[in-house]
Amino acid sequence: MSDRMLDLLAALDAAVGVSGDERLVADVVAKELDGHYDEHDIDALGNHFFTRGGGDAAPTVMLCAHMDELGFVVQHVEDEGFVRIAPVGFHDARMVVDQDLAIHGSKGAVLGITGAKPAHVLPPDEAKQAIPIDQLHVDVGTTSRAETEELGVRVGDLATFARTGLVLNGTKVFSGKAVDDRAGCAIMVEVMRRLGDSPAATVVGVAAVQEELGIRGAGPAAARVKPDVGIAIDVTLCGDTPGVEFSRLPISLGKGPAIKYFDWAPEAGYGSAVPRHLTDRLERAAGAAGIAFQREVLMGGATDAWGIANSGVLSGCISVPSRYIHSAVGCVHLDDVEGAVKLLLAFIDDVGKNGLTA
Ligand SMILES: [Zn+2]
């Protein structure tokens with residue numbers, strides 16, 4: 001793992017891009033891809049398309065990573081200056097209290113802390129429960145609504161966890177506020193950087209919007225590109241931490257990227273049953289690249305692969321194992337990130353040279 005790859009992941013993780021305003025992430029992606037694409041387009045939703053052309057008859061492979069991160073939206077400013085927030089995306093309320101937040105207002109980032117009632121005064125029944133996000137407040141240090149508004153905070157402003165990503169103690173574990181899915185963005189960028197001037201297949205790298213709100217960007221992106229195959233790149237849950245039943249989440253950090261076979265989010269009705277002829281090809285690519293990989297069957301989540309398939313495009317997904325998904329401290333392993341890059345490069349080469357029916 002090069003420092004360059006870590007720097008790329010850290011830069012993407014640091015960028016602010018809550019669903020609905022992914023522009024700053026797109027800026028980082030475009031800057032990091034400078035010189036490594038032939039065309040750059042944007043659609044009405046804010047999806048960005050970076051195309052590197054193969055030969056005239058070359059098939060097209062679309063890689064799709066979502067730019068948006070979970071966050072919050074300002075819903076109200078109290079007379080006393082406290083900011084009330086609503087969740088943007090699927091938060092676990094247990095993870096939101098006692099956090100530093102950055103509210104991205106008209107005058108720049110406003111730091112706040114999520115406060116709640118002290119334990120000393122909690123009724124016993126409340127003490128056993130997670131504090132719902134709608135009962136939290138963000139304290140920005142002010143004492144009046146006017147003072148808070150003077151900081152540039154308005155209803156509708158977006159907020160993120162204010163946490164700087166870092167590598168844990170000289171290991172290869174990177175923990176950041178937005179590894180979901182900036183790890184995928186980093187992989188997409190690095191694949192395009194390593195493609196060279198004339199790849200075997202045409203590659204369209206899509207930096208997509210609004211995955212966390214119900215997979216809204218990837219489908220329209222696939223409908224626009226009409227690739228021969230679309231591969232989502234996203235994180236997936238690990239089962240290798242204390243208290244988790246590994247048989248229900250049999251994926252480990254650091255044991256290689258995962259090839260998705262199946263996922264299903266029953267409540268939302270999203271999911272992907274990746275065609276076996278495609279998983280076979282992805283496994284073949286892993287073999288060609290000489291990398292270890294894991295096989296993924298996930299209940300309770302879905303990715304942009306669903307949106308791509310829903311547009312009538314052959315669709316699969318390469319997943320990066322991640323601990324603590326949908327919290328401020330999500331972790332990925334740099335070897336898994338590097339493995340995903342190598343797997344995708346081998347897949348693109350194979351599809352370009354042999355087509356999709358070989
Ligand atoms: Zn994601």
# chains A, B, ... in the order shown; residues from 1 in each chain; ligands from 1
call {"tool": "closest_atom_pairs", "arguments": {"of": "segment 295-341 of chain A", "to": "segment 260-270 of chain A", "cutoff": "9 Å", "atoms": "only C-alpha atoms", "output": "Markdown table"}}
result
| residue | atom | partner | partner_atom | distance |
| --- | --- | --- | --- | --- |
| A:Arg295 | CA | A:Lys260 | CA | 6.2 |
| A:Glu296 | CA | A:Lys260 | CA | 4.6 |
| A:Val297 | CA | A:Phe262 | CA | 4.9 |
| A:Leu298 | CA | A:Asp263 | CA | 4.6 |
| A:Met299 | CA | A:Trp264 | CA | 5.2 |
| A:Gly300 | CA | A:Ala265 | CA | 4.3 |
| A:Gly301 | CA | A:Ala265 | CA | 4.7 |
| A:Ala302 | CA | A:Asp263 | CA | 5.8 |
| A:Thr303 | CA | A:Tyr270 | CA | 8.3 |
| A:Trp306 | CA | A:Tyr270 | CA | 6.5 |
| A:Gly307 | CA | A:Tyr270 | CA | 8.6 |
| A:Gly316 | CA | A:Lys260 | CA | 6.8 |
| A:Cys317 | CA | A:Lys260 | CA | 5.4 |
| A:Ile318 | CA | A:Lys260 | CA | 6.1 |
| A:Ser319 | CA | A:Lys260 | CA | 6.8 |
call {"tool": "select_by_dssp", "arguments": {"residues": "segment 249-351 of chain A", "states": "strand (DSSP E or B)", "output": "MDAnalysis selection string"}}
result
chainID A and resid 258:265 270:273 294:299 315:323 330:333
call {"tool": "residues_around", "arguments": {"residues": "segment 73-81 of chain A", "least_positions_apart": "6", "cutoff": "9 Å", "atoms": "only C-alpha atoms", "output": "PyMOL selection string"}}
result
chain A and resi 18+87-88+103+139-149+153-160
call {"tool": "closest_residue", "arguments": {"among": "A:Thr241, A:Thr60, A:Ser315, A:Ser322", "to": "ligand 1", "atoms": "only C-alpha atoms and all ligand atoms"}}
result
A:Ser322
call {"tool": "closest_atom_pairs", "arguments": {"of": "segment 176-258 of chain A", "to": "segment 283-293 of chain A", "cutoff": "10 Å", "atoms": "only C-alpha atoms", "output": "tab-separated table"}}
result
residue	atom	partner	partner_atom	distance
A:Gly254	CA	A:Ala292	CA	9.8
A:Lys255	CA	A:Phe293	CA	6.7
A:Gly256	CA	A:Phe293	CA	4.5
A:Pro257	CA	A:Phe293	CA	5.2
A:Ala258	CA	A:Phe293	CA	5.5
call {"tool": "closest_atom_pairs", "arguments": {"of": "chain A", "to": "ligand 1", "cutoff": "6 Å", "atoms": "only C-alpha atoms and all ligand atoms", "output": "tab-separated table"}}
result
residue	atom	partner	partner_atom_place_in_ligand_line	distance
A:Asp180	CA	ligand 1	1 (Zn)	4.6
A:Asp181	CA	ligand 1	1 (Zn)	4.7
A:Asp234	CA	ligand 1	1 (Zn)	5.2
A:Val235	CA	ligand 1	1 (Zn)	5.7
call {"tool": "write_last_selection", "arguments": {"atoms": "N, CA and C atoms", "output": "compact mmCIF listing (two decimals), in the first residue's frame"}}
result
# COMPACT_ATOMS: atom_id res chain seq x y z
N ASP A 180 -17.58 4.88 4.21
CA ASP A 180 -18.76 4.51 3.41
C ASP A 180 -19.21 5.78 2.68
N ASP A 181 -18.89 6.05 1.47
CA ASP A 181 -18.24 5.12 0.58
C ASP A 181 -17.02 5.78 -0.06
N ASP A 234 -18.58 -0.63 -2.92
CA ASP A 234 -19.11 -0.08 -1.67
C ASP A 234 -18.57 -0.89 -0.50
N VAL A 235 -18.85 -0.43 0.70
CA VAL A 235 -18.42 -1.17 1.88
C VAL A 235 -19.47 -2.23 2.22
call {"tool": "closest_residue", "arguments": {"among": "A:Ile233, A:Ala201, A:Ile308, A:Ala127", "to": "Val189 of chain A", "atoms": "only C-alpha atoms"}}
result
A:Ile233
call {"tool": "select_by_dssp", "arguments": {"residues": "segment 65-229 of chain A", "states": "alpha helix (DSSP H)", "output": "MDAnalysis selection string"}}
result
chainID A and resid 124:127 145:150 179:194 218:225
call {"tool": "closest_residue", "arguments": {"among": "A:Val329, A:Ala208, A:Ile187, A:Val25", "to": "Gln99 of chain A", "atoms": "only C-alpha atoms"}}
result
A:Val329
call {"tool": "residues_around", "arguments": {"residues": "segment 31-39 of chain A", "least_positions_apart": "3", "cutoff": "8 Å", "atoms": "only C-alpha atoms", "output": "list of chain:residue names"}}
result
A:Leu8, A:Asp27, A:Val28, A:Phe49, A:Phe50, A:Thr51, A:Arg52, A:Gly53, A:Val189, A:Met192, A:Arg193, A:Gly196, A:Asp197
call {"tool": "residues_around", "arguments": {"residues": "Phe72 of chain A", "least_positions_apart": "5", "cutoff": "12 Å", "atoms": "only C-alpha atoms", "output": "compact mmCIF listing (two decimals) with C-alpha atoms, in the first residue's frame"}}
result
# COMPACT_ATOMS: atom_id res chain seq x y z
CA VAL A 16 -17.84 17.01 3.15
CA GLY A 17 -20.67 15.48 1.15
CA VAL A 18 -23.92 14.66 2.89
CA SER A 19 -26.58 13.26 0.55
CA GLY A 20 -27.96 16.20 -1.39
CA ASP A 21 -24.72 18.16 -1.63
CA VAL A 83 -29.68 23.53 17.00
CA ARG A 84 -32.12 20.67 16.45
CA ILE A 85 -31.24 18.17 13.73
CA ALA A 86 -32.87 15.46 11.65
CA PRO A 87 -30.99 12.45 10.26
CA VAL A 88 -29.99 12.27 6.59
CA GLY A 89 -29.67 8.56 5.90
CA PHE A 90 -29.94 5.50 8.11
CA HIS A 91 -28.33 6.42 11.43
CA ALA A 93 -29.14 6.76 17.25
CA VAL A 96 -24.91 10.13 17.59
CA LEU A 101 -20.43 17.82 14.62
CA ALA A 102 -19.64 20.35 11.93
CA ILE A 103 -22.63 22.28 10.63
CA HIS A 104 -21.85 23.51 7.13
CA THR A 114 -24.45 16.67 20.50
CA ILE A 133 -31.97 11.85 17.34
CA ASP A 134 -35.04 14.07 17.57
CA LEU A 136 -30.80 15.48 20.89
CA HIS A 137 -29.63 19.03 20.52
CA VAL A 138 -26.47 20.50 19.09
CA VAL A 155 -32.66 25.53 8.63
CA GLY A 156 -31.65 23.18 5.81
CA ASP A 157 -27.91 23.36 6.42
CA LEU A 158 -26.18 19.98 6.39
CA ALA A 159 -23.97 18.66 9.15
CA THR A 160 -21.36 15.91 9.38
CA PHE A 161 -19.39 14.23 12.10
CA ALA A 162 -16.34 16.42 12.74
CA GLU A 212 -27.78 6.68 1.43
call {"tool": "closest_residue", "arguments": {"among": "A:Gly184, A:Gly54, A:Gly108, A:Pro59", "to": "Asn354 of chain A", "atoms": "only C-alpha atoms"}}
result
A:Pro59
call {"tool": "closest_residue", "arguments": {"among": "A:Ser198, A:Ser106, A:Ser175, A:Gln135", "to": "Ala58 of chain A", "atoms": "only C-alpha atoms"}}
result
A:Ser198
call {"tool": "closest_residue", "arguments": {"among": "A:Ile325, A:Ala183, A:Leu345, A:Val121", "to": "Ala11 of chain A", "atoms": "only C-alpha atoms"}}
result
A:Ala183
call {"tool": "atom_distance", "arguments": {"atom1": "atom CA of Ala200 of chain A", "atom2": "atom CA of Leu343 of chain A"}}
result
14.8 Å
call {"tool": "decode", "arguments": {"residues": "segment 83-121 of chain A", "atoms": "N, CA and C atoms", "output": "compact mmCIF listing (two decimals), in the first residue's frame"}}
result
# COMPACT_ATOMS: atom_id res chain seq x y z
N VAL A 83 -29.29 23.94 18.35
CA VAL A 83 -29.68 23.53 17.00
C VAL A 83 -30.30 22.14 17.09
N ARG A 84 -31.46 21.99 16.50
CA ARG A 84 -32.12 20.67 16.45
C ARG A 84 -31.91 20.10 15.05
N ILE A 85 -31.62 18.80 14.99
CA ILE A 85 -31.24 18.17 13.73
C ILE A 85 -32.13 16.97 13.40
N ALA A 86 -32.20 16.67 12.14
CA ALA A 86 -32.87 15.46 11.65
C ALA A 86 -31.81 14.63 10.92
N PRO A 87 -31.98 13.30 10.94
CA PRO A 87 -30.99 12.45 10.26
C PRO A 87 -31.13 12.49 8.75
N VAL A 88 -30.01 12.47 8.04
CA VAL A 88 -29.99 12.27 6.59
C VAL A 88 -29.34 10.91 6.36
N GLY A 89 -30.15 9.93 6.05
CA GLY A 89 -29.67 8.56 5.90
C GLY A 89 -29.98 7.74 7.14
N PHE A 90 -29.57 6.49 7.10
CA PHE A 90 -29.94 5.50 8.11
C PHE A 90 -28.93 5.50 9.26
N HIS A 91 -29.21 6.32 10.27
CA HIS A 91 -28.33 6.42 11.43
C HIS A 91 -28.74 5.44 12.51
N ASP A 92 -27.75 5.04 13.29
CA ASP A 92 -27.98 4.34 14.54
C ASP A 92 -27.93 5.38 15.63
N ALA A 93 -29.07 5.65 16.28
CA ALA A 93 -29.14 6.76 17.25
C ALA A 93 -28.14 6.60 18.38
N ARG A 94 -27.74 5.34 18.68
CA ARG A 94 -26.77 5.14 19.77
C ARG A 94 -25.43 5.78 19.46
N MET A 95 -25.16 6.02 18.17
CA MET A 95 -23.84 6.51 17.75
C MET A 95 -23.78 8.03 17.65
N VAL A 96 -24.85 8.71 17.94
CA VAL A 96 -24.91 10.13 17.59
C VAL A 96 -24.68 11.05 18.79
N VAL A 97 -24.99 10.56 20.00
CA VAL A 97 -24.79 11.40 21.18
C VAL A 97 -23.29 11.48 21.51
N ASP A 98 -22.90 12.55 22.18
CA ASP A 98 -21.50 12.76 22.60
C ASP A 98 -20.54 12.91 21.43
N GLN A 99 -21.00 13.48 20.35
CA GLN A 99 -20.14 13.62 19.17
C GLN A 99 -19.85 15.08 18.89
N ASP A 100 -18.72 15.31 18.22
CA ASP A 100 -18.44 16.61 17.62
C ASP A 100 -19.08 16.63 16.24
N LEU A 101 -19.85 17.66 15.95
CA LEU A 101 -20.43 17.82 14.62
C LEU A 101 -19.90 19.10 13.98
N ALA A 102 -19.90 19.11 12.66
CA ALA A 102 -19.64 20.35 11.93
C ALA A 102 -20.90 20.66 11.13
N ILE A 103 -21.48 21.83 11.40
CA ILE A 103 -22.63 22.28 10.63
C ILE A 103 -22.09 23.17 9.51
N HIS A 104 -22.43 22.80 8.27
CA HIS A 104 -21.85 23.51 7.13
C HIS A 104 -22.79 24.62 6.70
N GLY A 105 -22.60 25.78 7.33
CA GLY A 105 -23.47 26.92 7.12
C GLY A 105 -22.92 27.89 6.10
N SER A 106 -23.58 29.02 6.00
CA SER A 106 -23.24 29.99 4.96
C SER A 106 -21.89 30.67 5.20
N LYS A 107 -21.37 30.56 6.41
CA LYS A 107 -20.08 31.19 6.71
C LYS A 107 -19.00 30.14 6.98
N GLY A 108 -19.24 28.91 6.56
CA GLY A 108 -18.25 27.85 6.79
C GLY A 108 -18.69 26.92 7.91
N ALA A 109 -17.77 26.05 8.33
CA ALA A 109 -18.11 25.02 9.31
C ALA A 109 -18.29 25.63 10.70
N VAL A 110 -19.40 25.28 11.33
CA VAL A 110 -19.69 25.70 12.71
C VAL A 110 -19.60 24.44 13.56
N LEU A 111 -18.71 24.45 14.55
CA LEU A 111 -18.55 23.26 15.39
C LEU A 111 -19.63 23.22 16.45
N GLY A 112 -20.13 22.03 16.67
CA GLY A 112 -21.13 21.84 17.71
C GLY A 112 -20.93 20.48 18.37
N ILE A 113 -21.54 20.31 19.52
CA ILE A 113 -21.49 19.01 20.20
C ILE A 113 -22.91 18.53 20.43
N THR A 114 -23.10 17.21 20.28
CA THR A 114 -24.45 16.67 20.50
C THR A 114 -24.63 16.39 21.98
N GLY A 115 -25.54 17.09 22.58
CA GLY A 115 -25.78 16.95 24.01
C GLY A 115 -27.10 16.27 24.28
N ALA A 116 -27.22 15.76 25.48
CA ALA A 116 -28.47 15.15 25.94
C ALA A 116 -28.55 15.34 27.44
N LYS A 117 -29.66 14.88 28.01
CA LYS A 117 -29.83 15.01 29.46
C LYS A 117 -28.73 14.24 30.19
N PRO A 118 -28.18 14.78 31.28
CA PRO A 118 -27.16 14.04 32.04
C PRO A 118 -27.75 12.77 32.65
N ALA A 119 -26.91 11.73 32.79
CA ALA A 119 -27.35 10.45 33.36
C ALA A 119 -27.93 10.63 34.76
N HIS A 120 -27.42 11.64 35.49
CA HIS A 120 -27.84 11.86 36.88
C HIS A 120 -29.34 12.14 37.01
N VAL A 121 -29.93 12.69 35.94
CA VAL A 121 -31.34 13.09 36.05
C VAL A 121 -32.25 12.24 35.18
